[in-house]
file upload-v6.cif (mmCIF, C-alpha atoms)
data_my_file
#
loop_
_atom_site.label_atom_id
_atom_site.label_comp_id
_atom_site.auth_asym_id
_atom_site.auth_seq_id
_atom_site.Cartn_x
_atom_site.Cartn_y
_atom_site.Cartn_z
CA MET G 1 -29.89 -24.93 50.93
CA ASP G 2 -30.33 -28.48 49.75
CA ASN G 3 -30.26 -29.95 46.27
CA PRO G 4 -28.29 -28.14 43.54
CA GLY G 5 -30.24 -26.62 40.67
CA PRO G 6 -29.86 -27.96 37.13
CA GLY G 7 -28.25 -24.77 35.76
CA ILE G 8 -24.64 -25.72 36.39
CA GLY G 9 -25.21 -29.17 34.86
CA VAL G 10 -26.58 -27.51 31.72
CA ALA G 11 -23.70 -25.00 31.58
CA ARG G 12 -21.09 -27.70 32.19
CA SER G 13 -22.57 -29.82 29.41
CA LEU G 14 -22.45 -26.94 26.94
CA ARG G 15 -18.92 -26.05 28.02
CA GLU G 16 -17.70 -29.61 27.46
CA SER G 17 -19.26 -30.10 24.05
CA PRO G 18 -16.17 -30.30 21.82
CA ASP G 19 -17.79 -28.77 18.73
CA LEU G 20 -19.42 -25.79 20.45
CA ASP G 21 -17.75 -22.53 21.35
CA VAL G 22 -20.26 -20.89 23.64
CA GLU G 23 -20.24 -18.01 26.04
CA ILE G 24 -22.39 -18.88 29.04
CA VAL G 25 -24.43 -16.32 30.94
CA GLY G 26 -25.88 -17.40 34.27
CA LEU G 27 -29.19 -15.99 35.48
CA ALA G 28 -29.32 -16.03 39.28
CA TYR G 29 -31.92 -14.97 41.82
CA ASP G 30 -29.49 -14.43 44.67
CA SER G 31 -25.91 -13.22 44.91
CA MET G 32 -25.05 -16.25 47.05
CA GLU G 33 -25.99 -18.81 44.39
CA PRO G 34 -22.84 -20.94 43.93
CA GLY G 35 -22.97 -20.91 40.13
CA VAL G 36 -22.14 -17.22 39.90
CA TYR G 37 -18.78 -17.93 41.54
CA MET G 38 -17.92 -20.85 39.25
CA ASP G 39 -16.18 -18.76 36.60
CA TRP G 40 -14.60 -21.78 34.93
CA ILE G 41 -18.11 -22.81 33.87
CA VAL G 42 -20.15 -19.60 33.76
CA ASP G 43 -18.61 -16.61 31.95
CA LYS G 44 -20.85 -13.92 33.36
CA SER G 45 -23.81 -13.84 35.71
CA TYR G 46 -26.73 -11.51 36.22
CA ILE G 47 -29.19 -11.21 39.05
CA VAL G 48 -32.74 -11.39 37.70
CA PRO G 49 -36.07 -10.73 39.45
CA TYR G 50 -38.27 -13.66 40.40
CA PRO G 51 -40.40 -14.81 37.44
CA SER G 52 -43.42 -15.20 39.71
CA GLY G 53 -43.33 -11.43 40.27
CA SER G 54 -43.66 -8.81 37.56
CA ALA G 55 -43.40 -10.35 34.08
CA SER G 56 -42.57 -6.98 32.56
CA ALA G 57 -39.68 -6.48 35.00
CA TYR G 58 -38.35 -9.96 34.19
CA LEU G 59 -38.66 -9.33 30.45
CA ALA G 60 -37.00 -5.93 30.77
CA ARG G 61 -34.08 -7.51 32.63
CA LEU G 62 -33.58 -10.13 29.91
CA LEU G 63 -33.71 -7.49 27.19
CA HIS G 64 -31.19 -5.40 29.14
CA ILE G 65 -28.83 -8.39 29.20
CA LYS G 66 -29.41 -8.99 25.50
CA GLU G 67 -28.64 -5.39 24.65
CA ASN G 68 -25.65 -4.93 26.94
CA HIS G 69 -23.99 -8.29 26.74
CA GLY G 70 -25.72 -10.55 24.21
CA LEU G 71 -28.11 -13.43 24.72
CA ASP G 72 -28.98 -15.78 21.87
CA LEU G 73 -30.62 -18.68 23.69
CA ILE G 74 -32.12 -19.25 27.12
CA ILE G 75 -32.48 -22.70 28.68
CA PRO G 76 -34.82 -22.28 31.69
CA CYS G 77 -33.95 -24.75 34.43
CA LEU G 78 -36.56 -24.16 37.12
CA ASP G 79 -40.24 -25.11 37.07
CA ALA G 80 -41.31 -21.65 38.22
CA GLU G 81 -39.63 -20.05 35.19
CA LEU G 82 -41.36 -22.12 32.56
CA PRO G 83 -44.79 -20.43 32.42
CA PHE G 84 -43.06 -17.09 31.82
CA PHE G 85 -40.76 -18.39 29.09
CA ILE G 86 -43.53 -20.30 27.33
CA LYS G 87 -45.85 -17.30 27.43
CA TYR G 88 -43.23 -14.84 26.18
CA ALA G 89 -41.39 -17.18 23.78
CA ASP G 90 -42.53 -15.26 20.68
CA GLU G 91 -41.69 -11.89 22.16
CA LEU G 92 -38.25 -13.10 23.20
CA ASP G 93 -37.74 -14.60 19.75
CA ALA G 94 -38.64 -11.28 18.18
CA HIS G 95 -35.75 -9.79 20.14
CA GLY G 96 -33.39 -12.52 19.01
CA ILE G 97 -33.55 -14.62 22.19
CA ARG G 98 -34.42 -18.22 21.33
CA THR G 99 -35.97 -20.85 23.55
CA PHE G 100 -36.71 -24.54 22.99
CA LEU G 101 -39.79 -25.28 25.04
CA PRO G 102 -43.08 -27.14 25.02
CA THR G 103 -46.31 -25.29 24.28
CA MET G 104 -48.49 -24.17 27.18
CA LYS G 105 -50.88 -27.02 26.38
CA GLN G 106 -48.03 -29.52 26.58
CA PHE G 107 -46.69 -27.89 29.75
CA LYS G 108 -50.06 -28.39 31.43
CA LEU G 109 -49.71 -32.16 31.01
CA ARG G 110 -47.55 -32.08 34.13
CA GLY G 111 -50.58 -30.87 36.08
CA LYS G 112 -51.70 -33.58 38.47
CA ASP G 113 -55.20 -33.48 36.97
CA ARG G 114 -53.83 -34.46 33.52
CA LEU G 115 -51.09 -36.81 34.62
CA GLY G 116 -53.47 -39.79 34.73
CA LEU G 117 -54.46 -39.40 31.10
CA MET G 118 -50.87 -38.88 30.08
CA ALA G 119 -49.71 -41.97 32.01
CA GLU G 120 -52.37 -44.07 30.29
CA ARG G 121 -51.31 -42.91 26.84
CA ILE G 122 -47.67 -43.74 27.42
CA GLY G 123 -48.44 -47.10 29.00
CA VAL G 124 -47.52 -46.62 32.67
CA ASP G 125 -49.55 -46.62 35.88
CA LEU G 126 -50.19 -43.67 38.14
CA PRO G 127 -50.44 -43.97 41.94
CA LYS G 128 -53.69 -42.62 43.43
CA THR G 129 -53.24 -38.85 43.34
CA GLU G 130 -55.45 -36.02 44.59
CA VAL G 131 -55.03 -32.27 44.31
CA VAL G 132 -56.10 -30.43 47.48
CA THR G 133 -56.54 -26.78 48.35
CA SER G 134 -57.74 -26.87 51.96
CA ILE G 135 -57.30 -28.83 55.18
CA ASP G 136 -60.76 -30.36 54.67
CA THR G 137 -59.98 -31.66 51.19
CA LEU G 138 -56.58 -32.81 52.42
CA VAL G 139 -58.11 -34.89 55.22
CA LYS G 140 -60.62 -36.40 52.77
CA ALA G 141 -57.83 -37.20 50.30
CA VAL G 142 -55.80 -38.91 53.03
CA GLU G 143 -58.87 -40.97 54.01
CA ASP G 144 -59.55 -41.92 50.38
CA ILE G 145 -55.96 -42.84 49.54
CA GLY G 146 -55.03 -44.40 52.88
CA LEU G 147 -51.94 -43.78 55.00
CA PRO G 148 -49.04 -43.42 54.52
CA VAL G 149 -49.12 -40.78 51.77
CA MET G 150 -46.74 -38.36 50.09
CA VAL G 151 -47.66 -34.69 50.46
CA LYS G 152 -46.14 -32.68 47.62
CA GLY G 153 -45.72 -28.98 46.92
CA SER G 154 -47.08 -27.49 43.72
CA LEU G 155 -43.58 -26.79 42.42
CA TYR G 156 -41.11 -28.53 44.69
CA GLN G 157 -40.58 -30.67 47.79
CA ALA G 158 -42.43 -33.74 48.97
CA TYR G 159 -42.80 -35.26 52.41
CA ARG G 160 -44.01 -38.62 53.64
CA ALA G 161 -46.85 -38.55 56.17
CA SER G 162 -47.74 -41.51 58.33
CA THR G 163 -50.59 -39.80 60.17
CA THR G 164 -53.26 -37.30 59.15
CA GLN G 165 -51.81 -34.79 61.63
CA GLU G 166 -48.42 -35.14 60.00
CA ALA G 167 -50.02 -34.61 56.58
CA ILE G 168 -51.68 -31.40 57.84
CA GLY G 169 -48.29 -30.17 59.10
CA HIS G 170 -46.65 -30.82 55.72
CA PHE G 171 -49.61 -29.22 53.93
CA SER G 172 -49.26 -25.97 55.91
CA ARG G 173 -45.51 -25.84 55.40
CA LEU G 174 -45.78 -26.48 51.64
CA VAL G 175 -48.55 -23.92 51.15
CA ALA G 176 -46.51 -21.29 53.03
CA LYS G 177 -43.52 -21.97 50.77
CA TRP G 178 -44.95 -22.85 47.36
CA GLY G 179 -48.60 -21.79 47.48
CA TYR G 180 -51.63 -23.82 46.40
CA PRO G 181 -52.44 -26.48 45.39
CA VAL G 182 -50.86 -29.36 47.27
CA ILE G 183 -50.78 -32.90 45.94
CA VAL G 184 -51.51 -35.99 48.00
CA GLN G 185 -50.23 -39.21 46.48
CA GLU G 186 -50.36 -42.89 47.33
CA ILE G 187 -46.95 -44.31 48.23
CA VAL G 188 -45.83 -47.10 45.96
CA SER G 189 -42.74 -49.04 46.87
CA GLY G 190 -40.05 -50.11 44.48
CA ASP G 191 -36.90 -48.81 42.81
CA GLU G 192 -36.77 -45.10 42.05
CA VAL G 193 -35.99 -44.87 38.35
CA ASN G 194 -35.86 -41.78 36.18
CA VAL G 195 -35.46 -41.05 32.51
CA ILE G 196 -34.54 -37.78 30.88
CA GLY G 197 -34.96 -36.91 27.26
CA LEU G 198 -35.17 -34.12 24.75
CA GLY G 199 -38.09 -34.00 22.34
CA ASP G 200 -37.66 -32.23 19.00
CA GLY G 201 -41.33 -31.20 18.79
CA LYS G 202 -41.91 -33.56 15.85
CA GLY G 203 -42.08 -36.82 17.74
CA GLU G 204 -38.39 -37.69 17.81
CA ASN G 205 -35.98 -37.89 20.74
CA LEU G 206 -32.66 -36.06 20.60
CA GLY G 207 -31.35 -38.04 23.57
CA LEU G 208 -32.63 -40.42 26.22
CA VAL G 209 -30.96 -41.73 29.38
CA GLY G 210 -32.47 -43.92 32.12
CA ILE G 211 -31.08 -44.21 35.64
CA LYS G 212 -31.83 -45.81 38.96
CA LYS G 213 -31.30 -43.88 42.18
CA LEU G 214 -29.01 -45.87 44.50
CA SER G 215 -29.10 -43.40 47.39
CA VAL G 216 -31.05 -40.21 47.94
CA THR G 217 -30.92 -37.13 50.17
CA SER G 218 -33.54 -36.34 52.81
CA LEU G 219 -35.49 -34.56 50.05
CA GLY G 220 -35.43 -37.68 47.89
CA LYS G 221 -32.90 -36.19 45.47
CA ILE G 222 -30.32 -38.43 43.87
CA TRP G 223 -26.95 -38.73 45.63
CA THR G 224 -25.66 -41.83 43.88
CA GLY G 225 -27.12 -43.58 40.86
CA VAL G 226 -26.47 -45.96 38.00
CA THR G 227 -27.49 -45.93 34.36
CA ILE G 228 -29.97 -48.66 33.46
CA ARG G 229 -31.78 -49.83 30.37
CA ASN G 230 -35.27 -50.43 31.67
CA GLU G 231 -36.97 -50.97 28.31
CA ARG G 232 -40.45 -50.33 29.69
CA MET G 233 -39.39 -46.92 30.98
CA LEU G 234 -37.46 -46.02 27.83
CA SER G 235 -40.44 -47.03 25.67
CA ALA G 236 -42.73 -44.87 27.81
CA ALA G 237 -40.39 -41.91 27.27
CA ARG G 238 -40.32 -42.53 23.51
CA ARG G 239 -44.12 -42.76 23.43
CA PHE G 240 -44.36 -39.56 25.47
CA VAL G 241 -42.33 -37.62 22.91
CA GLU G 242 -44.12 -39.21 19.99
CA GLN G 243 -47.70 -38.97 21.29
CA PHE G 244 -47.46 -35.44 22.60
CA GLN G 245 -44.95 -34.09 20.06
CA TRP G 246 -43.02 -32.83 23.07
CA ARG G 247 -40.55 -30.05 22.38
CA GLY G 248 -37.74 -29.49 24.87
CA PRO G 249 -36.22 -31.29 27.83
CA PHE G 250 -38.21 -33.51 30.17
CA GLU G 251 -37.77 -35.95 33.03
CA LEU G 252 -40.11 -38.79 33.94
CA GLU G 253 -39.81 -39.79 37.60
CA CYS G 254 -41.01 -43.37 38.07
CA ILE G 255 -41.14 -46.24 40.54
CA SER G 256 -40.34 -49.68 39.19
CA SER G 257 -41.65 -52.69 41.05
CA GLY G 258 -41.33 -56.04 39.28
CA ASP G 259 -43.26 -55.67 36.04
CA GLU G 260 -45.05 -52.54 37.24
CA LEU G 261 -43.94 -49.03 36.35
CA TYR G 262 -45.57 -46.08 38.08
CA LEU G 263 -45.25 -42.50 36.92
CA ILE G 264 -44.68 -40.21 39.89
CA GLU G 265 -43.95 -36.93 38.18
CA LEU G 266 -43.25 -35.27 34.85
CA ASN G 267 -40.72 -32.45 34.98
CA PRO G 268 -40.67 -30.22 31.88
CA ARG G 269 -36.99 -29.32 32.22
CA PHE G 270 -33.56 -30.84 32.74
CA PRO G 271 -33.00 -32.24 36.25
CA ALA G 272 -30.04 -31.43 38.51
CA TRP G 273 -28.37 -34.77 37.65
CA LEU G 274 -28.31 -33.89 33.93
CA TYR G 275 -24.51 -33.95 33.77
CA PHE G 276 -24.68 -37.71 34.41
CA ALA G 277 -26.44 -38.12 31.05
CA THR G 278 -23.89 -35.86 29.36
CA SER G 279 -21.03 -37.92 30.77
CA VAL G 280 -22.41 -41.17 29.40
CA GLY G 281 -22.70 -39.76 25.89
CA ALA G 282 -26.03 -37.93 25.68
CA ASN G 283 -25.22 -34.23 25.80
CA MET G 284 -28.77 -32.95 25.57
CA PRO G 285 -28.09 -29.24 26.22
CA ALA G 286 -25.70 -29.33 23.25
CA GLN G 287 -28.38 -31.08 21.18
CA LEU G 288 -30.90 -28.47 22.25
CA LEU G 289 -28.59 -25.63 21.27
CA ARG G 290 -27.85 -27.17 17.87
CA SER G 291 -31.50 -27.79 17.20
CA CYS G 292 -32.56 -24.34 18.32
CA LEU G 293 -29.95 -22.53 16.28
CA ASN G 294 -30.62 -24.72 13.22
CA MET G 295 -27.22 -26.38 13.40
CA PRO G 296 -26.84 -30.04 12.34
CA VAL G 297 -28.04 -32.24 15.20
CA ALA G 298 -25.69 -35.08 16.12
CA ALA G 299 -26.94 -38.67 15.92
CA THR G 300 -27.86 -40.16 19.28
CA ASN G 301 -25.66 -43.13 19.98
CA GLY G 302 -27.36 -44.43 23.10
CA TYR G 303 -25.50 -45.10 26.32
CA ASP G 304 -24.14 -47.97 28.37
CA ALA G 305 -25.93 -49.36 31.41
CA GLY G 306 -23.83 -49.71 34.55
CA LYS G 307 -22.20 -46.25 34.70
CA LEU G 308 -22.08 -44.86 38.22
CA PHE G 309 -22.96 -41.35 39.37
CA VAL G 310 -21.56 -40.11 42.67
CA ARG G 311 -22.43 -36.62 43.83
CA TYR G 312 -20.21 -34.67 46.20
CA THR G 313 -19.99 -31.19 47.67
CA TYR G 314 -17.17 -28.80 46.92
CA GLU G 315 -15.83 -25.76 48.73
CA LEU G 316 -14.98 -22.65 46.81
CA VAL G 317 -13.00 -19.80 48.37
CA THR G 318 -12.94 -16.41 46.68
CA ASP G 319 -12.67 -12.75 47.59
CA MET G 320 -15.60 -10.37 47.90
CA ALA G 321 -15.30 -8.76 44.46
CA THR G 322 -17.89 -10.92 42.74
CA PHE G 323 -20.30 -10.70 45.64
CA GLN G 324 -19.89 -6.92 45.80
CA ALA G 325 -20.49 -6.49 42.08
CA LEU G 326 -23.58 -8.68 42.18
CA THR G 327 -24.95 -6.86 45.19
CA VAL G 328 -24.31 -3.37 43.85
CA ARG G 329 -24.59 -3.76 40.08
CA GLY G 330 -26.54 -7.00 39.76
CA GLU G 331 -23.91 -8.61 37.55
CA THR G 332 -20.48 -10.19 37.85
CA PRO G 333 -17.45 -8.15 36.70
CA MET C 1 -33.81 -62.48 26.57
CA SER C 2 -34.05 -63.39 30.23
CA ALA C 3 -32.60 -61.22 32.98
CA LEU C 4 -30.03 -63.95 33.61
CA THR C 5 -28.82 -63.78 30.02
CA ASN C 6 -28.55 -60.00 30.21
CA LEU C 7 -26.67 -60.03 33.50
CA ALA C 8 -23.26 -58.38 33.20
CA MET C 9 -20.79 -60.53 35.19
CA ASN C 10 -17.12 -60.34 35.95
CA SER C 11 -14.80 -63.18 36.88
CA GLU C 12 -14.94 -62.27 40.59
CA GLY C 13 -18.67 -62.86 40.79
CA PHE C 14 -19.86 -59.27 40.71
CA SER C 15 -22.91 -58.95 38.48
CA PHE C 16 -25.17 -56.13 37.35
CA ASP C 17 -28.66 -56.29 35.90
CA PRO C 18 -28.77 -53.52 33.27
CA ALA C 19 -32.59 -53.42 33.23
CA SER C 20 -33.20 -53.01 36.94
CA GLY C 21 -29.86 -51.60 38.07
CA ALA C 22 -29.57 -54.31 40.75
CA CYS C 23 -26.10 -55.53 41.72
CA TYR C 24 -25.26 -58.99 43.07
CA THR C 25 -22.18 -60.76 44.35
CA MET C 26 -21.83 -64.49 43.76
CA ASN C 27 -19.41 -67.03 45.13
CA THR C 28 -17.38 -69.27 42.83
CA THR C 29 -19.99 -72.04 42.81
CA ALA C 30 -22.76 -69.62 41.88
CA VAL C 31 -20.66 -68.23 39.02
CA VAL C 32 -20.19 -71.74 37.64
CA ILE C 33 -23.94 -72.44 37.85
CA VAL C 34 -24.98 -69.12 36.28
CA GLU C 35 -22.51 -69.49 33.42
CA ALA C 36 -23.80 -73.01 32.79
CA LEU C 37 -27.44 -71.89 32.94
CA ARG C 38 -26.65 -69.18 30.40
CA ARG C 39 -25.24 -71.90 28.13
CA LYS C 40 -28.60 -73.69 28.57
CA GLU C 41 -27.00 -76.73 30.15
CA SER C 42 -29.22 -79.19 32.01
CA ASP C 43 -29.28 -79.36 35.81
CA GLU C 44 -27.78 -82.87 35.61
CA ALA C 45 -24.85 -81.65 33.53
CA ILE C 46 -24.28 -78.70 35.87
CA ALA C 47 -24.41 -81.00 38.92
CA GLN C 48 -21.86 -83.29 37.30
CA GLN C 49 -19.58 -80.30 36.63
CA LEU C 50 -19.90 -79.21 40.27
CA THR C 51 -18.83 -82.65 41.52
CA GLU C 52 -15.73 -82.39 39.32
CA GLU C 53 -14.75 -78.89 40.42
CA PHE C 54 -15.82 -78.86 44.08
CA GLU C 55 -15.92 -81.32 46.97
CA VAL C 56 -19.58 -82.17 46.70
CA THR C 57 -21.62 -85.29 46.00
CA LEU C 58 -23.98 -85.50 43.03
CA ASP C 59 -27.05 -85.51 45.30
CA GLU C 60 -25.87 -82.43 47.16
CA ALA C 61 -25.10 -80.65 43.89
CA VAL C 62 -28.57 -81.40 42.50
CA ARG C 63 -30.21 -80.04 45.67
CA ASP C 64 -28.00 -76.95 45.65
CA ILE C 65 -28.89 -76.22 42.03
CA ALA C 66 -32.61 -76.52 42.82
CA ASP C 67 -32.17 -74.12 45.75
CA PHE C 68 -30.20 -71.75 43.58
CA ARG C 69 -32.88 -71.76 40.88
CA LEU C 70 -35.45 -70.85 43.53
CA ARG C 71 -33.27 -67.96 44.63
CA LEU C 72 -32.95 -66.76 41.03
CA ARG C 73 -36.76 -66.83 40.67
CA THR C 74 -37.14 -64.83 43.89
CA LEU C 75 -34.77 -62.24 42.47
CA LYS C 76 -36.73 -62.32 39.18
CA LEU C 77 -33.61 -63.41 37.34
CA ALA C 78 -35.10 -66.66 36.04
#
call {"tool": "encode", "arguments": {"input": "upload-v6.cif", "output": "structure tokens"}}
result
Amino acid sequence: MDNPGPGIGVARSLRESPDLDVEIVGLAYDSMEPGVYMDWIVDKSYIVPYPSGSASAYLARLLHIKENHGLDLIIPCLDAELPFFIKYADELDAHGIRTFLPTMKQFKLRGKDRLGLMAERIGVDLPKTEVVTSIDTLVKAVEDIGLPVMVKGSLYQAYRASTTQEAIGHFSRLVAKWGYPVIVQEIVSGDEVNVIGLGDGKGENLGLVGIKKLSVTSLGKIWTGVTIRNERMLSAARRFVEQFQWRGPFELECISSGDELYLIELNPRFPAWLYFATSVGANMPAQLLRSCLNMPVAATNGYDAGKLFVRYTYELVTDMATFQALTVRGETP
Amino acid sequence: MSALTNLAMNSEGFSFDPASGACYTMNTTAVVIVEALRRKESDEAIAQQLTEEFEVTLDEAVRDIADFRLRLRTLKLA
């Protein structure tokens, strides 16, 4: 239990788009996921199997939802879901379930082995990064890069290591949780700045918002932030969409230090802080939906720098009915 | 445009750099100097203005402005 997922931010954005009348179905992996209880945002929720398991079981579950309830568009919000949805995009489309995603070739740009080339083409620097699959290669990477380093999971989580022993500890923990490979990265200091956007697949952006993290959680996730107009970062995001004809949502995680801008990570999905962008005038999930369903796409009007984001936690009290239904039937009443 | 020109300032001395996201608080004297620098006024003219608005000699004002410029450069605002 740590950082929220992006799903509720996406749902909330769609719900608040004044020109859209949508019914929102939440796909959850656990009956204790908070989103399934937030019935003022999510109309109905289904438990789905993990996408890393049987693809046919996952597909069958989606088709069951389509048939029994209706499902016109899916916006995957987790990294682990994307390979499945990209691979089965045509099959889902044939059943009337749309997606708005990058191609598999584009998706692989996020791979740490391609990130360097990508960073070069969009005009940003990349900290020294090595992909490791064993303790031996990890130790060598730490020696090559120099301490301290960040040790990052293949899909999620990153820890700072000040000693080789600490790096080995993080490596073992990350492999146990997320599998191989693990990424070792040079630590660059500066402001943590992020930009999210939505590429239309033809080189144009359907929204773009840059922020600076003002405070972060122990996992490095944003807790408070502010919108900024760092032109170097915004230009890099525009070049990214243009050069790679990116289709779908994306987030560039960067470190800004003086005139330097380092790319830390490319996420091929909306981040958990997406609702911040929606609130400052760039409702990208709504843009995605319009684009995907061939509706007129609204003009992007930019956003103001200096808007604050403050995250908080919220307590929800409910009876057992929803939990029971999810546990027994795999769907909310 | 320089970062100083882009700085969003209010009358109480709170300022925000929209490019970097950095926030600053300035005292009344600093606000006067920054506003004058943004109007491209010379250091001599700003020093003269300071002597008129605050209890400071011309020499002190000139030194203070030089110090302040150094601080702005350190913060990459000038």
call {"tool": "interface_residues", "arguments": {"input": "upload-v6.cif", "of": "chain G", "to": "chain C", "cutoff": "10 Å", "atoms": "only C-alpha atoms", "output": "list of chain:residue names"}}
result
G:Asp191, G:Val193, G:Gly210, G:Ile211, G:Lys212, G:Lys213, G:Leu214, G:Gly225, G:Val226, G:Thr227, G:Ile228, G:Arg229, G:Asn230, G:Glu231, G:Arg232, G:Met233, G:Ser256, G:Ser257, G:Gly258, G:Asp259, G:Asp304, G:Ala305, G:Gly306, G:Lys307
call {"tool": "closest_residue", "arguments": {"input": "upload-v6.cif", "among": "G:Ala28, G:Tyr37, G:Leu263, G:Phe84", "to": "Gly53 (chain G)", "atoms": "only C-alpha atoms"}}
result
G:Phe84
call {"tool": "atom_distance", "arguments": {"input": "upload-v6.cif", "atom1": "CA of Ala298 (chain G)", "atom2": "CA of Leu198 (chain G)"}}
result
12.9 Å
call {"tool": "atom_distance", "arguments": {"input": "upload-v6.cif", "atom1": "CA of Arg238 (chain G)", "atom2": "CA of Gly197 (chain G)"}}
result
8.6 Å
call {"tool": "resolve_selection", "arguments": {"input": "upload-v6.cif", "expression": "the PyMOL selection byres ((chain G and resi 310) around 8)", "output": "PyMOL selection string"}}
result
chain G and resi 223-225+308-309+311-312
call {"tool": "write_last_selection", "arguments": {"input": "upload-v6.cif", "atoms": "C-alpha atoms", "output": "compact mmCIF listing (two decimals), in the coordinates of the input"}}
result
# COMPACT_ATOMS: atom_id res chain seq x y z
CA TRP G 223 -26.95 -38.73 45.63
CA THR G 224 -25.66 -41.83 43.88
CA GLY G 225 -27.12 -43.58 40.86
CA LEU G 308 -22.08 -44.86 38.22
CA PHE G 309 -22.96 -41.35 39.37
CA ARG G 311 -22.43 -36.62 43.83
CA TYR G 312 -20.21 -34.67 46.20
call {"tool": "residues_near_point", "arguments": {"input": "upload-v6.cif", "point": "(-28.9, -37.1, 28.7)", "cutoff": "6 Å", "atoms": "only C-alpha atoms", "output": "list in words"}}
result
Gly207, Leu208, Val209, Ala277, Thr278, Ala282, Asn283 and Met284 of chain G
call {"tool": "axis_aligned_box", "arguments": {"input": "upload-v6.cif", "around": "region 52-69 of chain C", "padding_each_side": "4 Å", "output": "lines of an AutoDock Vina configuration file"}}
result
center_x = -23.8
center_y = -78.6
center_z = 43.2
size_x = 26.1
size_y = 21.8
size_z = 15.8
call {"tool": "resolve_selection", "arguments": {"input": "upload-v6.cif", "expression": "the PyMOL selection byres ((chain C and resi 44) around 12)", "output": "list in words"}}
result
Ile33, Ala36, Leu37, Lys40, Glu41, Ser42, Asp43, Ala45, Ile46, Ala47, Gln48, Gln49, Leu50, Thr51, Leu58, Asp59, Glu60, Ala61, Val62, Arg63, Asp64, Ile65 and Ala66 of chain C
call {"tool": "atom_distance", "arguments": {"input": "upload-v6.cif", "atom1": "CA of Gly5 (chain G)", "atom2": "CA of Phe107 (chain G)"}}
result
19.8 Å
